[in-house]
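With mmCIF, C-alpha atoms inside, this is upload.cif:
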data_upload
loop_
_atom_site.label_atom_id
_atom_site.label_comp_id
_atom_site.auth_asym_id
_atom_site.auth_seq_id
_atom_site.Cartn_x
_atom_site.Cartn_y
_atom_site.Cartn_z
CA MET A 582 3.98 3.89 8.16
CA ARG A 583 6.01 2.24 5.38
CA TRP A 584 6.29 -1.52 5.48
CA SER A 585 9.47 -3.39 4.63
CA ALA A 586 9.99 -5.00 1.24
CA GLU A 587 10.14 -8.39 2.97
CA ARG A 588 6.72 -7.83 4.53
CA TRP A 589 5.18 -6.96 1.17
CA GLN A 590 6.88 -9.89 -0.56
CA GLY A 591 5.34 -12.16 2.04
CA ALA A 592 1.89 -10.99 1.00
CA PHE A 593 2.38 -12.69 -2.37
CA ARG A 594 2.88 -16.14 -0.79
CA GLY A 595 0.06 -18.50 -1.50
CA VAL A 596 -1.03 -16.67 -4.65
CA PRO A 597 -0.91 -19.03 -7.66
CA ALA A 598 1.57 -18.03 -10.34
CA HIS A 599 -0.87 -18.99 -13.09
CA PRO A 600 -4.43 -18.73 -11.77
CA ALA A 601 -7.23 -20.20 -13.85
CA GLY A 602 -11.01 -20.17 -13.93
CA LEU A 603 -13.41 -17.67 -12.42
CA THR A 604 -11.08 -16.86 -9.51
CA SER A 605 -8.34 -15.51 -11.78
CA SER A 606 -9.86 -12.01 -11.91
CA ARG A 607 -9.96 -11.69 -8.13
CA ILE A 608 -6.46 -13.10 -7.75
CA GLU A 609 -5.06 -10.78 -10.42
CA LEU A 610 -6.70 -7.80 -8.72
CA ARG A 611 -5.16 -8.82 -5.40
CA VAL A 612 -1.69 -9.25 -6.91
CA GLN A 613 -1.87 -5.84 -8.57
CA ALA A 614 -3.17 -4.22 -5.36
CA ILE A 615 -0.25 -5.61 -3.37
CA GLY A 616 2.16 -4.42 -6.05
CA PHE A 617 0.82 -0.86 -6.00
CA ALA A 618 0.69 -0.70 -2.22
CA SER A 619 4.27 -1.95 -1.92
CA ARG A 620 5.34 1.13 -3.87
CA GLY A 621 3.45 3.47 -1.59
CA TRP A 622 0.39 3.94 -3.81
CA PRO A 623 -2.68 4.00 -1.52
CA VAL A 624 -5.01 1.26 -2.74
CA LEU A 625 -8.70 0.85 -1.94
CA PRO A 626 -11.32 -1.80 -2.72
CA GLY A 627 -14.15 -0.49 -4.89
CA THR A 628 -17.58 -1.58 -6.01
CA TYR A 629 -17.63 -4.04 -8.91
CA PRO A 630 -20.07 -4.66 -11.79
CA ASP A 631 -22.99 -7.05 -11.70
CA GLU A 632 -24.62 -6.80 -15.14
CA ASP A 633 -25.50 -3.09 -15.44
CA HIS A 634 -25.15 -2.25 -11.74
CA TRP A 635 -22.29 -1.97 -9.24
CA ILE A 636 -22.32 -3.89 -5.97
CA GLY A 637 -20.22 -4.11 -2.84
CA ARG A 638 -21.41 -1.05 -0.94
CA HIS A 639 -24.83 -1.14 0.74
CA GLY A 640 -26.63 -2.85 -2.11
CA ARG A 641 -26.69 -2.11 -5.82
CA GLN A 642 -25.37 1.19 -7.13
CA GLU A 643 -26.11 2.83 -10.46
CA HIS A 644 -22.64 4.25 -10.90
CA GLY A 645 -19.16 3.02 -10.18
CA PRO A 646 -16.61 2.16 -9.29
CA MET A 647 -16.46 3.86 -5.90
CA PRO A 648 -14.85 2.96 -2.56
CA VAL A 649 -16.56 0.15 -0.68
CA HIS A 650 -15.91 1.74 2.73
CA ARG A 651 -17.55 5.05 3.56
CA ASP A 652 -14.58 5.87 5.82
CA TRP A 653 -12.09 5.09 3.07
CA GLN A 654 -10.03 8.22 3.74
CA THR A 655 -9.09 6.84 7.16
CA ARG A 656 -7.90 3.55 5.64
CA LEU A 657 -4.98 4.89 3.58
CA GLY A 658 -1.55 3.46 4.24
CA THR A 659 -2.91 0.06 5.26
CA ASN A 660 -0.63 -2.89 5.98
CA PRO A 661 -0.10 -5.80 3.58
CA ASP A 662 -2.31 -8.17 5.57
CA GLU A 663 -5.32 -5.88 5.20
CA VAL A 664 -4.66 -5.22 1.52
CA THR A 665 -4.47 -8.97 0.91
CA ALA A 666 -7.67 -9.60 2.89
CA TRP A 667 -9.69 -7.08 0.89
CA TRP A 668 -9.42 -9.21 -2.25
CA ALA A 669 -9.63 -12.59 -0.52
CA GLU A 670 -13.26 -13.28 -1.43
CA HIS A 671 -14.64 -10.60 -3.78
CA PRO A 672 -13.45 -9.18 -7.11
CA TYR A 673 -13.50 -5.62 -5.81
CA SER A 674 -12.43 -2.90 -8.20
CA LEU A 675 -8.87 -1.72 -7.63
CA LEU A 676 -8.81 1.97 -6.77
CA ILE A 677 -5.95 4.35 -6.04
CA ALA A 678 -6.75 7.20 -3.66
CA THR A 679 -5.44 10.38 -5.25
CA GLY A 680 -3.98 13.33 -3.37
CA HIS A 681 -1.52 11.06 -1.57
CA THR A 682 1.54 10.30 -3.73
CA VAL A 683 -0.50 9.94 -6.93
CA ASP A 684 -2.79 12.40 -8.72
CA ALA A 685 -4.51 11.86 -12.07
CA LEU A 686 -5.67 14.10 -14.88
CA GLU A 687 -8.81 12.71 -16.55
CA VAL A 688 -9.55 13.53 -20.20
CA ASP A 689 -11.55 12.07 -23.07
CA ALA A 690 -10.02 9.59 -25.48
CA ALA A 691 -9.37 12.14 -28.26
CA LEU A 692 -7.36 14.46 -26.02
CA GLY A 693 -5.76 11.45 -24.36
CA ARG A 694 -4.39 10.21 -27.67
CA ALA A 695 -3.23 13.70 -28.60
CA GLY A 696 -1.46 14.17 -25.27
CA ALA A 697 0.14 10.73 -25.52
CA SER A 698 1.45 11.62 -28.98
CA VAL A 699 3.11 14.73 -27.56
CA LEU A 700 4.74 12.72 -24.79
CA ARG A 701 6.02 10.16 -27.30
CA ALA A 702 7.48 12.95 -29.41
CA LEU A 703 9.20 14.38 -26.35
CA GLY A 704 10.57 10.96 -25.44
CA PHE A 705 9.25 11.14 -21.88
CA PRO A 706 6.46 8.57 -21.34
CA VAL A 707 4.18 8.80 -18.31
CA PRO A 708 1.78 6.18 -16.89
CA ILE A 709 -1.59 6.36 -18.65
CA VAL A 710 -4.73 4.35 -17.83
CA ALA A 711 -7.86 4.04 -19.99
CA THR A 712 -11.36 2.80 -19.21
CA PRO A 713 -13.87 1.07 -21.54
CA ARG A 714 -15.99 4.24 -21.30
CA GLY A 715 -13.43 6.31 -23.18
CA ARG A 716 -11.82 8.10 -20.24
CA TRP A 717 -8.04 8.40 -20.01
CA TYR A 718 -6.10 9.07 -16.81
CA PHE A 719 -2.60 10.56 -16.89
CA LEU A 720 -0.93 9.65 -13.59
CA MET A 721 1.38 12.21 -12.00
CA ALA A 722 2.87 13.31 -8.70
CA SER A 723 0.48 14.86 -6.19
CA GLY A 724 0.24 18.50 -5.29
CA GLY A 725 -0.54 20.37 -8.49
CA GLU A 726 -3.46 22.55 -9.48
CA LEU A 727 -5.35 22.47 -12.75
CA ALA A 728 -4.12 25.13 -15.16
CA ALA A 729 -6.65 27.78 -16.13
CA GLU A 730 -6.45 26.86 -19.83
CA LEU A 731 -7.52 23.31 -19.01
CA ALA A 732 -9.96 24.10 -16.22
CA ASP A 733 -12.32 25.70 -18.73
CA VAL A 734 -12.32 22.68 -21.05
CA PRO A 735 -15.36 20.38 -20.65
CA GLY A 736 -14.51 16.81 -19.70
CA ILE A 737 -11.15 17.54 -18.04
CA ARG A 738 -10.91 16.76 -14.34
CA LEU A 739 -8.04 16.77 -11.87
CA HIS A 740 -8.26 13.93 -9.35
CA GLY A 741 -6.50 15.08 -6.19
CA LYS A 742 -7.24 14.89 -2.49
CA GLY A 743 -10.63 13.36 -1.73
CA SER A 744 -10.89 11.49 -5.03
CA TRP A 745 -9.82 8.20 -6.57
CA VAL A 746 -9.25 6.49 -9.92
CA ALA A 747 -9.74 2.90 -11.05
CA MET A 748 -6.64 0.94 -11.98
CA PRO A 749 -6.06 -2.16 -14.16
CA PRO A 750 -7.45 -4.79 -14.19
CA THR A 751 -10.67 -3.34 -12.74
CA ALA A 752 -13.70 -4.68 -14.62
CA TYR A 753 -16.42 -2.58 -16.22
CA PRO A 754 -19.55 -3.87 -17.94
CA GLY A 755 -18.23 -4.86 -21.35
CA GLY A 756 -14.53 -4.37 -20.69
CA ALA A 757 -11.76 -3.61 -18.23
CA VAL A 758 -9.50 -0.76 -17.23
CA HIS A 759 -6.18 -1.16 -19.03
CA TRP A 760 -2.79 0.47 -19.41
CA ARG A 761 -2.03 2.68 -22.38
CA VAL A 762 1.44 3.22 -20.92
CA LYS A 763 2.58 0.99 -18.07
CA PRO A 764 4.47 2.53 -15.13
CA GLU A 765 7.39 0.17 -15.76
CA VAL A 766 8.11 2.12 -18.97
CA CYS A 767 9.07 5.17 -16.91
CA ALA A 768 10.55 3.14 -14.04
CA TRP A 769 7.56 4.00 -11.82
CA ARG A 770 8.62 7.65 -11.71
CA LEU A 771 5.65 9.99 -11.70
CA PRO A 772 5.93 13.22 -13.71
CA THR A 773 5.20 16.65 -12.30
CA PRO A 774 1.68 18.03 -12.85
CA ASP A 775 3.08 20.92 -14.90
CA PHE A 776 4.78 18.53 -17.31
CA VAL A 777 1.61 16.51 -17.94
CA GLN A 778 -0.58 19.58 -18.30
CA ASP A 779 1.82 21.21 -20.74
CA ALA A 780 1.73 18.06 -22.89
CA LEU A 781 -2.08 18.09 -22.86
CA ARG A 782 -2.19 21.78 -23.76
CA THR A 783 0.04 21.07 -26.74
CA GLY A 784 -2.09 18.07 -27.66
CA ARG A 785 -5.21 20.19 -27.52
CA GLU A 786 -3.64 22.72 -29.88
CA ASN A 787 -2.96 19.84 -32.23
CA LEU A 788 -6.65 18.86 -32.10
CA ASP A 789 -7.89 22.42 -32.60
CA ASN A 790 -5.49 23.41 -35.36
CA ASP A 791 -4.85 20.05 -37.02
CA ALA A 792 -1.17 20.87 -36.64
CA ASP A 793 1.79 18.54 -36.66
CA VAL A 794 3.02 17.60 -33.17
CA ALA A 795 6.65 18.17 -34.10
CA GLU A 796 5.84 21.67 -35.42
CA LEU A 797 3.97 22.56 -32.24
CA LEU A 798 6.81 21.39 -30.06
CA ALA A 799 9.34 23.27 -32.14
CA ALA A 800 7.26 26.45 -31.87
CA ARG A 801 7.24 26.17 -28.08
CA ARG A 802 11.02 25.97 -27.85
#
For the structure just supplied, provide its representation as structure tokens.
Amino acid sequence: MRWSAERWQGAFRGVPAHPAGLTSSRIELRVQAIGFASRGWPVLPGTYPDEDHWIGRHGRQEHGPMPVHRDWQTRLGTNPDEVTAWWAEHPYSLLIATGHTVDALEVDAALGRAGASVLRALGFPVPIVATPRGRWYFLMASGGELAAELADVPGIRLHGKGSWVAMPPTAYPGGAVHWRVKPEVCAWRLPTPDFVQDALRTGRENLDNDADVAELLAARR
């Protein structure tokens, strides 16, 4: 069920325009969650860091972030009141459930930078998220499969149905998830999986051969 723009706009009422103090992180997370959900991106609350552990789901966890609710797959497409309530008291991580509108291709920072360079050279930016742990996520439309050339590369993972990715401004110990390319740059349009994977294949060739991006692109035409 898609909610009206007026209903989502109402969810922002009562949120300070310029929050301050320790509550600002939670409020910013809530504002961003409402914004994503209003565009049809399925948001979820996730565990959040407490020193070197993650909390919010049945005690302390060694790894994170991960969905707070074990039945999270039944909670997709929630209404604005529930999305707002999730971040009313706790600074939960902000997760997007993949496989439903949004998928993500996860790579290391080196390949992420190389792929981003290819996309800049093409003149077609796509939304890119990075974590403090050196993982980059290229956001794209759902429904694709990982190409064989990339499936064999260590450290590359396709996040589709049954998975999730952390979104800004989710906190990590020692940093926060941040945008490398904001979705506003491409007017919130998600690229096809083939387009993103082709850019990463070209970027990987650049890493392996120390070639110039422009030369690689020209050779592919």
Contact residues around segment 748-755 of chain A with all atoms listed in the file at 6 Å, ignoring same-chain residues under 5 positions, as a list in words: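 My list of contacting residues is Ser674, Leu675 and Leu676 of chain A.
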I need the output of the PyMOL selection byres ((chain A and resi 623) around 8) for this file as a list of chain:residue names; which residues are they? A:Phe617, A:Ala618, A:Gly621, A:Trp622, A:Val624, A:Leu625, A:Leu657, A:Gly658, A:Thr659, A:Ile677, A:Ala678, A:Thr679, A:His681, A:Thr682
Could you state which residues are captured by the PyMOL selection byres ((chain A and resi 741) around 10) in this file, as a list in words? Ala678, Thr679, Gly680, His681, Thr682, Val683, Asp684, Ala685, Leu686, Ala722, Ser723, Gly724, Gly725, Glu726, Leu727, Arg738, Leu739, His740, Lys742, Gly743, Ser744, Trp745 and Val746 of chain A
Protein, DNA and RNA residues within 12 Å of (7.8, 7.5, -12.7), only C-alpha atoms, as a count of residues only: 24
Take the point (-4.3, -5.6, -2.0) as written in the file and pick out every residue within 6 Å of it, counting only C-alpha atoms; give the list as an mmCIF file with C-alpha atoms, in the coordinates of the input.
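The resulting point.cif:
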data_model
loop_
_atom_site.group_PDB
_atom_site.id
_atom_site.type_symbol
_atom_site.label_atom_id
_atom_site.label_comp_id
_atom_site.auth_asym_id
_atom_site.auth_seq_id
_atom_site.Cartn_x
_atom_site.Cartn_y
_atom_site.Cartn_z
ATOM 1 C CA ARG A 611 -5.160 -8.820 -5.400
ATOM 2 C CA ALA A 614 -3.170 -4.220 -5.360
ATOM 3 C CA ILE A 615 -0.250 -5.610 -3.370
ATOM 4 C CA VAL A 664 -4.660 -5.220 1.520
ATOM 5 C CA THR A 665 -4.470 -8.970 0.910
#
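With distances taken over all atoms listed in the file, A:Leu781 is the one residue among A:Leu788, A:Leu781, A:Val734, A:Val649 lying closest to Ala697 of chain A.
Note that the spacing between atom CA of Arg782 of chain A and atom CA of Asp689 of chain A amounts to 13.5 Å.
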